[in-house]
>>> print(open('input17.cif').read())   # mmCIF, C-alpha atoms
data_structure
#
loop_
_atom_site.label_atom_id
_atom_site.label_comp_id
_atom_site.auth_asym_id
_atom_site.auth_seq_id
_atom_site.Cartn_x
_atom_site.Cartn_y
_atom_site.Cartn_z
CA MET N 5 158.41 120.93 72.23
CA THR N 6 154.80 121.88 71.57
CA LEU N 7 153.67 120.65 68.17
CA PHE N 8 151.73 123.04 65.96
CA TYR N 9 148.46 121.09 66.16
CA GLU N 10 148.48 121.26 69.97
CA TYR N 11 147.70 124.99 69.82
CA SER N 12 144.27 124.10 68.44
CA TYR N 13 143.11 123.27 71.97
CA TYR N 14 143.59 126.88 73.08
CA PHE N 15 141.20 128.02 70.36
CA THR N 16 138.73 125.35 71.47
CA GLN N 17 138.88 126.66 75.04
CA CYS N 18 138.26 130.21 73.82
CA GLY N 19 135.31 128.93 71.81
CA PHE N 20 133.84 127.23 74.87
CA VAL N 21 134.18 130.34 77.06
CA SER N 22 132.66 132.55 74.34
CA THR N 23 129.79 130.12 73.79
CA SER N 24 129.09 129.79 77.51
CA ILE N 25 128.89 133.57 77.98
CA ALA N 26 126.89 134.33 74.83
CA ASN N 27 124.44 131.44 75.13
CA THR N 28 123.90 131.86 78.88
CA LEU N 29 123.02 135.51 78.28
CA PHE N 30 120.74 134.47 75.41
CA ILE N 31 118.96 131.85 77.54
CA TYR N 32 118.54 134.31 80.43
CA LEU N 33 117.07 137.00 78.17
CA THR N 34 114.79 134.55 76.33
CA ILE N 35 113.31 133.09 79.51
CA LEU N 36 112.92 136.27 81.57
CA HIS N 37 112.85 139.31 79.30
CA ILE N 38 111.85 138.47 75.72
CA LYS N 39 108.08 138.71 75.18
CA LYS N 40 107.74 138.34 71.41
CA ILE N 41 109.27 134.87 71.22
CA THR N 42 106.75 132.51 72.79
CA GLY N 43 105.42 128.96 72.71
CA THR N 44 107.03 126.36 70.48
CA TYR N 45 109.50 128.72 68.83
CA LYS N 46 110.78 129.72 72.27
CA VAL N 47 111.39 126.05 73.07
CA MET N 48 113.26 125.65 69.77
CA VAL N 49 115.64 128.57 70.28
CA LEU N 50 116.32 127.49 73.87
CA VAL N 51 117.06 123.91 72.76
CA PHE N 52 119.38 125.32 70.10
CA SER N 53 121.27 127.38 72.70
CA PHE N 54 121.64 124.49 75.15
CA VAL N 55 122.90 122.23 72.34
CA GLY N 56 125.43 124.94 71.40
CA ILE N 57 126.83 124.94 74.95
CA PHE N 58 126.94 121.14 75.04
CA PHE N 59 128.59 121.05 71.60
CA SER N 60 131.39 123.36 72.76
CA ALA N 61 131.84 121.53 76.06
CA TRP N 62 131.93 118.15 74.31
CA GLU N 63 134.66 119.40 71.98
CA LEU N 64 136.84 120.05 75.05
CA VAL N 65 136.35 116.45 76.13
CA SER N 66 136.60 114.67 72.79
CA LYS N 67 139.33 116.92 71.27
CA PRO N 68 138.53 115.86 67.68
CA PHE N 69 141.09 116.27 64.93
CA ALA N 70 141.50 114.98 61.39
CA HIS N 71 144.23 114.36 58.85
CA ASN N 72 143.97 113.89 55.10
CA TYR N 73 146.63 111.80 53.44
CA ASN N 74 146.11 110.97 49.76
CA LYS N 75 143.24 108.47 49.57
CA ALA N 76 142.56 108.39 53.32
CA LEU N 77 140.97 110.60 55.96
CA MET N 78 141.67 109.82 59.61
CA TYR N 79 139.34 111.27 62.24
CA PHE N 80 140.75 110.88 65.74
CA SER N 81 140.95 112.19 69.29
CA LEU N 82 143.91 114.13 70.66
CA ASN N 83 142.70 113.78 74.25
CA SER N 84 145.64 112.65 76.38
CA TRP N 85 144.09 112.81 79.86
CA LEU N 86 141.54 110.09 79.06
CA ASN N 87 143.82 107.87 76.99
CA GLU N 88 143.17 104.99 79.37
CA TYR N 89 139.63 104.87 77.97
CA PRO N 90 140.11 104.65 74.19
CA GLU N 91 136.64 103.25 73.52
CA PHE N 92 135.04 106.15 75.39
CA LEU N 93 137.04 108.60 73.26
CA ARG N 94 136.03 106.79 70.07
CA ILE N 95 132.40 107.19 71.10
CA ALA N 96 133.08 110.80 72.17
CA ILE N 97 134.36 111.92 68.75
CA CYS N 98 131.50 110.00 67.16
CA ILE N 99 129.01 111.96 69.29
CA TYR N 100 130.79 115.20 68.38
CA ALA N 101 130.33 114.44 64.67
CA ALA N 102 126.68 113.57 65.32
CA LEU N 103 126.14 116.87 67.15
CA TYR N 104 126.85 118.80 63.97
CA LEU N 105 123.95 116.97 62.31
CA VAL N 106 121.81 117.66 65.38
CA ILE N 107 122.51 121.39 65.05
CA LEU N 108 121.73 121.32 61.34
CA ALA N 109 118.51 119.38 62.00
CA ILE N 110 117.38 121.94 64.61
CA ILE N 111 117.84 124.70 62.04
CA ALA N 112 115.84 122.67 59.50
CA VAL N 113 113.02 122.14 62.02
CA GLN N 114 112.98 125.88 62.79
CA PHE N 115 112.68 126.65 59.08
CA LEU N 116 109.85 124.15 58.79
CA PHE N 117 108.05 125.63 61.79
CA ARG N 118 108.42 129.24 60.60
CA TYR N 119 107.22 128.20 57.13
CA PHE N 120 104.05 126.58 58.50
CA THR N 121 103.51 129.52 60.87
CA LEU N 122 103.36 131.83 57.87
CA CYS N 123 101.59 129.54 55.37
CA GLN N 124 99.58 126.96 57.33
CA PRO N 125 99.14 128.01 60.99
CA ASN N 126 97.02 124.93 61.80
CA ILE N 127 99.96 122.64 61.02
CA SER N 128 102.41 124.83 62.96
CA ARG N 129 100.35 124.26 66.12
CA LYS N 130 101.16 120.54 65.89
CA PHE N 131 104.81 121.38 66.66
CA GLY N 132 103.75 122.18 70.23
CA GLY N 133 102.62 119.83 73.00
CA ALA N 134 103.27 116.21 72.04
CA GLY N 135 104.68 117.50 68.75
CA VAL N 136 107.80 118.61 70.64
CA ILE N 137 108.62 114.94 71.21
CA VAL N 138 108.25 114.24 67.48
CA TRP N 139 110.62 116.95 66.24
CA MET N 140 113.06 116.27 69.09
CA PHE N 141 113.10 112.62 68.00
CA TYR N 142 113.77 113.70 64.40
CA ILE N 143 116.68 115.88 65.54
CA LEU N 144 118.25 113.08 67.58
CA LEU N 145 117.61 110.53 64.83
CA SER N 146 119.44 112.70 62.29
CA GLY N 147 122.50 112.81 64.53
CA ALA N 148 122.23 109.10 65.35
CA ILE N 149 122.18 108.12 61.67
CA TYR N 150 125.40 109.99 60.96
CA GLY N 151 127.18 109.08 64.20
CA GLY N 152 125.97 105.48 64.08
CA ALA N 153 127.12 105.04 60.49
CA MET N 154 130.56 106.33 61.43
CA TYR N 155 130.81 104.01 64.43
CA VAL N 156 129.71 100.93 62.46
CA TYR N 157 131.39 101.46 59.08
CA CYS N 158 134.57 103.49 59.76
CA ASP N 159 136.31 101.32 62.32
CA SER N 160 140.01 101.00 61.52
CA ASP N 161 141.58 97.76 60.29
CA ASP N 162 145.08 96.51 59.46
CA PHE N 163 145.05 98.02 55.98
CA SER N 164 143.86 101.50 57.03
CA ASP N 165 146.26 101.57 59.99
CA SER N 166 149.24 100.57 57.85
CA TYR N 167 148.30 103.23 55.30
CA MET N 168 148.24 106.04 57.91
CA ARG N 169 150.84 104.77 60.40
CA ASP N 170 153.93 106.59 59.12
CA ILE N 171 152.27 109.95 58.45
CA ILE N 172 150.64 110.00 61.91
CA ALA N 173 153.95 109.15 63.58
CA GLU N 174 155.77 111.80 61.57
CA THR N 175 153.20 114.60 61.97
CA TYR N 176 151.87 114.01 65.49
CA GLU N 177 154.53 111.77 67.06
CA LEU N 178 151.80 109.27 67.90
CA ASN N 179 151.53 105.50 67.60
CA ILE N 180 148.40 104.97 65.52
CA THR N 181 147.36 101.87 67.45
CA GLN N 182 147.12 103.96 70.63
CA VAL N 183 144.95 106.69 69.09
CA PRO N 184 141.11 106.52 69.30
CA ARG N 185 140.28 106.78 65.62
CA TYR N 186 138.11 106.23 62.57
CA VAL N 187 139.85 105.85 59.23
CA ILE N 188 138.04 106.51 55.97
CA VAL N 189 139.81 104.74 53.11
CA PRO N 190 137.37 104.19 50.20
CA TYR N 191 139.69 101.94 48.17
CA SER N 192 141.69 98.83 49.01
CA GLU N 193 145.33 98.37 48.05
CA ASP N 194 144.32 96.70 44.77
CA GLY N 195 141.97 99.58 43.91
CA SER N 196 138.72 97.76 44.73
CA ILE N 197 135.95 99.67 46.51
CA ARG N 198 135.57 99.24 50.27
CA TRP N 199 131.79 99.23 50.38
CA ARG N 200 131.40 99.80 54.10
CA ILE N 201 133.12 103.17 53.73
CA ILE N 202 130.89 104.03 50.78
CA LYS N 203 127.84 103.18 52.93
CA PHE N 204 129.02 105.68 55.54
CA LEU N 205 129.66 108.39 52.96
CA LEU N 206 126.26 107.85 51.32
CA SER N 207 124.38 107.89 54.64
CA GLY N 208 126.24 111.01 55.75
CA VAL N 209 125.60 112.85 52.49
CA ALA N 210 121.92 111.83 52.58
CA ALA N 211 121.47 113.05 56.19
CA ILE N 212 123.10 116.41 55.45
CA ALA N 213 121.35 116.82 52.09
CA LEU N 214 117.92 116.25 53.69
CA GLN N 215 118.48 119.11 56.14
CA TYR N 216 119.62 121.49 53.41
CA LEU N 217 116.71 120.44 51.20
CA ILE N 218 114.26 121.39 53.97
CA ILE N 219 116.11 124.65 54.64
CA ILE N 220 116.30 125.71 50.99
CA TYR N 221 112.70 124.79 50.14
CA CYS N 222 111.22 126.46 53.22
CA GLY N 223 113.56 129.44 52.87
CA VAL N 224 112.51 130.12 49.27
CA ARG N 225 108.81 129.68 50.08
CA MET N 226 109.06 131.88 53.18
CA HIS N 227 110.77 134.64 51.22
CA SER N 228 107.95 134.56 48.68
CA VAL N 229 105.29 134.68 51.39
CA LEU N 230 107.05 137.48 53.24
CA GLN N 231 107.08 139.54 50.05
CA LYS N 232 103.37 139.05 49.34
CA GLU N 233 101.30 138.47 52.46
CA LEU N 234 103.08 140.47 55.16
CA ALA N 235 102.06 143.69 53.43
CA GLN N 236 98.59 143.02 54.90
CA GLN N 237 99.91 142.72 58.46
CA SER N 238 100.92 145.35 60.98
CA ILE N 239 104.32 147.03 60.71
CA VAL N 240 105.46 145.51 64.01
CA ASN N 241 104.53 141.92 63.05
CA ARG N 242 105.98 142.34 59.57
CA LYS N 243 109.27 143.56 61.01
CA LEU N 244 109.39 140.72 63.56
CA GLN N 245 108.74 138.00 60.96
CA LYS N 246 111.48 139.41 58.73
CA GLN N 247 113.89 139.44 61.67
CA PHE N 248 113.16 135.78 62.44
CA PHE N 249 113.68 134.89 58.79
CA ARG N 250 117.01 136.73 58.60
CA ALA N 251 118.16 135.08 61.83
CA LEU N 252 117.40 131.63 60.40
CA VAL N 253 119.27 132.46 57.19
CA VAL N 254 122.32 133.54 59.21
CA GLN N 255 122.10 130.36 61.33
CA THR N 256 122.35 128.37 58.10
CA ILE N 257 124.97 130.42 56.28
CA VAL N 258 127.48 130.63 59.14
CA PRO N 259 128.09 126.84 59.61
CA THR N 260 127.97 126.38 55.84
CA LEU N 261 130.74 128.93 55.31
CA LEU N 262 132.73 127.99 58.41
CA PHE N 263 132.63 124.22 58.02
CA VAL N 264 130.64 122.56 55.22
CA LEU N 265 132.19 124.35 52.24
CA PRO N 266 135.80 124.41 53.58
CA ILE N 267 135.81 120.74 54.56
CA ALA N 268 133.89 119.37 51.55
CA PRO N 269 137.01 119.08 49.31
CA PHE N 270 138.81 117.14 52.03
CA LEU N 271 135.87 114.74 52.49
CA ILE N 272 135.62 114.18 48.74
CA GLY N 273 139.41 114.06 48.32
CA PRO N 274 139.91 110.38 49.29
CA LEU N 275 137.25 109.38 46.74
CA ILE N 276 138.73 111.22 43.76
CA GLN N 277 142.46 111.21 44.61
CA PRO N 278 143.22 107.89 42.85
CA PHE N 279 141.73 109.25 39.61
CA PHE N 280 143.56 112.59 39.60
CA LEU N 281 146.74 111.40 41.37
CA PHE N 282 147.29 114.64 43.29
CA GLU N 283 149.12 114.56 46.62
CA MET N 284 147.20 115.33 49.82
CA ASN N 285 148.76 115.77 53.24
CA PHE N 286 146.78 118.20 55.41
CA GLN N 287 146.01 118.67 59.10
CA THR N 288 142.29 118.95 58.39
CA GLY N 289 141.46 119.07 62.09
CA TRP N 290 141.91 122.83 62.08
CA MET N 291 138.46 122.92 60.46
CA TYR N 292 137.00 121.79 63.80
CA VAL N 293 138.79 124.67 65.49
CA ILE N 294 136.99 127.04 63.12
CA LEU N 295 133.68 125.29 63.82
CA CYS N 296 134.00 126.00 67.56
CA LEU N 297 133.43 129.66 66.68
CA TYR N 298 129.98 128.89 65.29
CA PRO N 299 127.84 128.79 68.49
CA PRO N 300 128.88 132.22 69.83
CA ILE N 301 128.76 133.84 66.36
CA ASP N 302 125.29 132.41 65.78
CA THR N 303 123.95 133.57 69.15
CA ILE N 304 125.40 137.06 68.86
CA ALA N 305 124.07 137.39 65.30
CA PHE N 306 120.58 136.33 66.44
CA MET N 307 120.58 138.93 69.23
CA LEU N 308 121.75 141.64 66.83
CA ILE N 309 119.11 140.79 64.21
CA VAL N 310 116.11 140.45 66.55
CA SER N 311 115.75 143.98 67.92
CA GLU N 312 114.06 142.96 71.19
CA TYR N 313 117.30 141.27 72.28
CA LYS N 314 119.31 144.43 71.61
CA LYS N 315 116.85 146.46 73.66
CA ALA N 316 116.81 143.93 76.54
CA THR N 317 120.62 143.71 76.57
CA LEU N 318 121.02 147.49 76.66
CA GLU N 319 118.49 147.72 79.49
CA MET N 320 120.32 145.05 81.49
CA PHE N 321 123.72 146.72 81.11
CA LYS N 322 122.36 150.27 81.34
CA PRO N 323 123.88 150.98 84.78
CA VAL N 324 127.42 150.29 83.52
CA LEU N 325 127.13 151.70 79.98
CA PRO N 326 128.74 155.03 79.05
CA LYS N 327 126.32 157.96 79.11
CA ARG N 328 126.47 158.44 75.33
CA VAL N 329 125.38 154.83 74.72
CA LYS N 330 122.47 155.26 77.17
CA VAL N 331 121.25 158.37 75.35
CA THR N 332 121.52 156.65 71.96
CA SER N 333 119.61 153.65 73.31
CA GLU N 334 116.83 155.84 74.70
CA ILE N 335 116.49 157.76 71.42
CA SER N 336 116.31 154.51 69.44
CA THR N 337 113.68 153.11 71.78
CA SER N 338 111.58 156.28 71.58
CA THR N 339 111.81 156.29 67.79
CA ALA N 340 110.73 152.65 67.60
CA ALA N 341 107.77 153.37 69.90
CA ALA N 342 106.72 156.30 67.73
CA VAL N 343 106.87 154.17 64.59
CA THR N 344 104.80 151.47 66.29
CA ARG N 345 102.11 153.98 67.21
#
>>> encode(input="input17.cif", output="structure tokens")
Amino acid sequence: MTLFYEYSYYFTQCGFVSTSIANTLFIYLTILHIKKITGTYKVMVLVFSFVGIFFSAWELVSKPFAHNYNKALMYFSLNSWLNEYPEFLRIAICIYAALYLVILAIIAVQFLFRYFTLCQPNISRKFGGAGVIVWMFYILLSGAIYGGAMYVYCDSDDFSDSYMRDIIAETYELNITQVPRYVIVPYSEDGSIRWRIIKFLLSGVAAIALQYLIIIYCGVRMHSVLQKELAQQSIVNRKLQKQFFRALVVQTIVPTLLFVLPIAPFLIGPLIQPFFLFEMNFQTGWMYVILCLYPPIDTIAFMLIVSEYKKATLEMFKPVLPKRVKVTSEISTSTAAAVTR
């Protein structure tokens, strides 16, 4: 009999196919057809798209899942075709967790770059050339801090395994000792704090908070600049800068709504459960299924917001589009050209 959680893999496969199609189209258009995205920013959006494809593909391999049970959170792999390599799967789900931080860090770097482009162009030029190595290192370091902390501090032990053994056997029909896993149990049996788990939680919160701090600060400053200084620029440039800003905002909001906010109570739950004594028993891994929708949603949203992508896409599919859509596209293009002139 197929257990309920096993259906999650079908959603993951759909997410991978959607991401592959959307991001491949985005990469093709960006490299060959888009003229207004150039230089360093072009490198950034291409890196973001490639990471999105890798993120979705890696989810197929690692098959991450999670379960909350009272004062514990178990993060584990449901991959059965590589179960002869448990250490590889432990590293695989660790890399998957790190990739989320990598994605968030790329968004933060894009915000930083767009902010300097608007406010201090001389600094924004340093993001190109050798500067690419610097911000790429920052992106990878952000992921490594989170993934490394998980690998070092969240390794299971006899106490954590005994705490989760029965619920894992009952819910997933799995022997916990045969599952590649990390178990987050902040408190020992006597109620004392397990400091290695606290170290992981603090490092993870710090890594995520830094990205959001950059995003929020640059976002607020950019909004202020866009309101004041773009009035002095051409209509075309003003419109383009606003489109880039909106795209960045969407790139931030979507993962926040799809993953960060929904999963936050479950991450905090093991810390506060002993104080409030509420019962927790949830298959939290479905949150990762929702997260697999992020790359295609983000890419499609970007192409809808930045008008040049819409125009390039319509031109590419013009031979197979219905006649009415072609006419509408041509009218829109003519109108835009008239406004530009």
>>> resolve_selection(input="input17.cif", expression="the PyMOL selection byres ((chain N and resi 33-44) around 12)", output="ChimeraX atom specification")
/N:26-32,45-51,53,113-114,117-118,121,128-137,139-140,240-241,243-245,247-248,303,306-307,310-320
>>> atom_distance(input="input17.cif", atom1="atom CA of Leu103 of chain N", atom2="atom CA of Ile267 of chain N")
16.3 Å
>>> resolve_selection(input="input17.cif", expression="the PyMOL selection byres ((chain N and resi 201) around 9)", output="compact mmCIF listing (two decimals) with C-alpha atoms, keeping the file's coordinate frame")
# COMPACT_ATOMS: atom_id res chain seq x y z
CA MET N 154 130.56 106.33 61.43
CA TYR N 157 131.39 101.46 59.08
CA CYS N 158 134.57 103.49 59.76
CA ILE N 188 138.04 106.51 55.97
CA VAL N 189 139.81 104.74 53.11
CA PRO N 190 137.37 104.19 50.20
CA TYR N 191 139.69 101.94 48.17
CA ILE N 197 135.95 99.67 46.51
CA ARG N 198 135.57 99.24 50.27
CA TRP N 199 131.79 99.23 50.38
CA ARG N 200 131.40 99.80 54.10
CA ILE N 202 130.89 104.03 50.78
CA LYS N 203 127.84 103.18 52.93
CA PHE N 204 129.02 105.68 55.54
CA LEU N 205 129.66 108.39 52.96
CA LEU N 206 126.26 107.85 51.32
>>> residues_around(input="input17.cif", residues="Ile107 of chain N", least_positions_apart="5", cutoff="8 Å", atoms="all atoms listed in the file", output="list in words")
Phe52, Val55 and Gly56 of chain N
>>> resolve_selection(input="input17.cif", expression="the PyMOL selection byres ((chain N and resi 109) around 10)", output="number ranges by chain")
N: 103-108, 110-115, 139-140, 142-147, 211-212, 214-216, 218-219
>>> atom_distance(input="input17.cif", atom1="atom CA of Phe120 of chain N", atom2="atom CA of Ser207 of chain N")
27.9 Å
>>> residues_around(input="input17.cif", residues="segment 249-258 of chain N", least_positions_apart="3", cutoff="6 Å", atoms="all atoms listed in the file", output="ChimeraX atom specification")
/N:246,261-262,302,306
